[in-house]
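**Q** I have a structure here, written as structure tokens, and I will follow up with some questions on it.
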Amino acid sequence: MRYSLGYAALCLLLLLLTGCSTTHTVRTAGTKTLSQELRENWPDIRKVSFSFTRPNLYCTIQMENEPTADELTAMLDHIRGFATIEHMDHITSSVGWSGRVSEFHLRIKAPEKELGYYSQYFKTYDASNYSPENIEAYQIWHDDYTPPASQ
């Protein structure tokens, strides 16, 4: 009886551990180049970081000052050029995942303001529908800012 309870507890623990998504820091040639280009073009950028938590990619840009509207537009255009199927597939390959990046989330953090955007591979949440009508391929960017909960 003790063995079966111990075995059941071990199985439950293994299920819990394998079911959790791990966050990976992403450092590919593409993300390094993009980070360098962003810092060169916008000196107020302090840090650019990328992480992947299945199935989404996250990019956080920390800035010294809030970007102007023109700077923000230019920055988003630059990042939009990076958000290609080829780059996304290289990122998933680098973290050992065979699926597509579902959503690419971008956070731009300035001392007094945070901006958020996202693009996605599929137009809908049906990741089994690979019809052309359901593929957005990271080409459309959406506003994604949710204010933090007040404390």
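Order determines the names: the first chain of the structure tokens is A, the second B, and so forth; residues in each chain are numbered 1 upward, and ligands are numbered 1 upward as they are shown.
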Check segment 29-127 of chain A with DSSP on the backbone and list each residue it calls strand (DSSP E), as number ranges by chain.
**A** A: 45-53, 56-63, 103-110, 113-120
**Q** Write out as a ChimeraX atom specification which residues come within 10 Å of Lys32 of chain A when counting only C-alpha atoms, dropping same-chain ones fewer than 6 positions away.
**A** /A:26,38,48-50
**Q** Those residues you just picked out, can you put them in a file as a short mmCIF file (atom, residue, chain, number, x, y, z; two decimals), in the first residue's frame with N, CA and C atoms?
**A**
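Wrote selection.cif, looks like this:
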data_model
loop_
_atom_site.label_atom_id
_atom_site.label_comp_id
_atom_site.auth_asym_id
_atom_site.auth_seq_id
_atom_site.Cartn_x
_atom_site.Cartn_y
_atom_site.Cartn_z
N VAL A 26 16.13 34.17 -24.91
CA VAL A 26 16.41 33.96 -26.33
C VAL A 26 17.58 34.85 -26.75
N LEU A 38 18.52 48.51 -32.58
CA LEU A 38 17.62 49.36 -31.80
C LEU A 38 18.42 50.32 -30.91
N VAL A 48 17.40 45.66 -24.17
CA VAL A 48 16.45 44.91 -25.00
C VAL A 48 16.61 43.45 -24.60
N SER A 49 15.51 42.81 -24.24
CA SER A 49 15.60 41.39 -23.86
C SER A 49 14.48 40.60 -24.53
N PHE A 50 14.78 39.34 -24.81
CA PHE A 50 13.83 38.43 -25.44
C PHE A 50 13.69 37.19 -24.58
#
**Q** Could you pull the residues within 9 Å of Met88 of chain A, counting only C-alpha atoms, minus those fewer than 5 positions along the same chain, as a ChimeraX atom specification?
**A** /A:57,82-83,93,100-101,104
**Q** Name the closest residue to Ser128 of chain A among the candidates A:His87, A:Glu71, A:Thr60, A:Gly99; distances are taken between atoms, counting only C-alpha atoms.
**A**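 Ranked by minimum distance to Ser128 of chain A, first place goes to A:Gly99.
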**Q** Between A:Ser51, A:Asn129, A:Gln62, A:Gln139, which is the closest to Thr84 of chain A once you count only C-alpha atoms?
**A**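 Using only C-alpha atoms, Thr84 of chain A sits closest to A:Gln139.
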**Q** Restricting the calculation to only C-alpha atoms, which member of A:Arg80, A:Pro55, A:Met75, A:Glu136 is positioned closest to Val95 of chain A?
**A**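 That would be A:Pro55, the residue with the smallest distance to Val95 of chain A.
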**Q** Out of A:Tyr130, A:Tyr125, A:Tyr117, A:Tyr138, which residue has the shortest atom-to-atom distance to Ile85 of chain A when counting only C-alpha atoms?
**A**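 Closest to Ile85 of chain A of all the choices is A:Tyr138.
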**Q** Hey, which of A:Lys47, A:His24, A:His78, A:Lys123 ends up closest to Glu103 of chain A? Count only C-alpha atoms.
**A**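 Comparing A:Lys47, A:His24, A:His78, A:Lys123 against Glu103 of chain A, the winner is A:Lys123.
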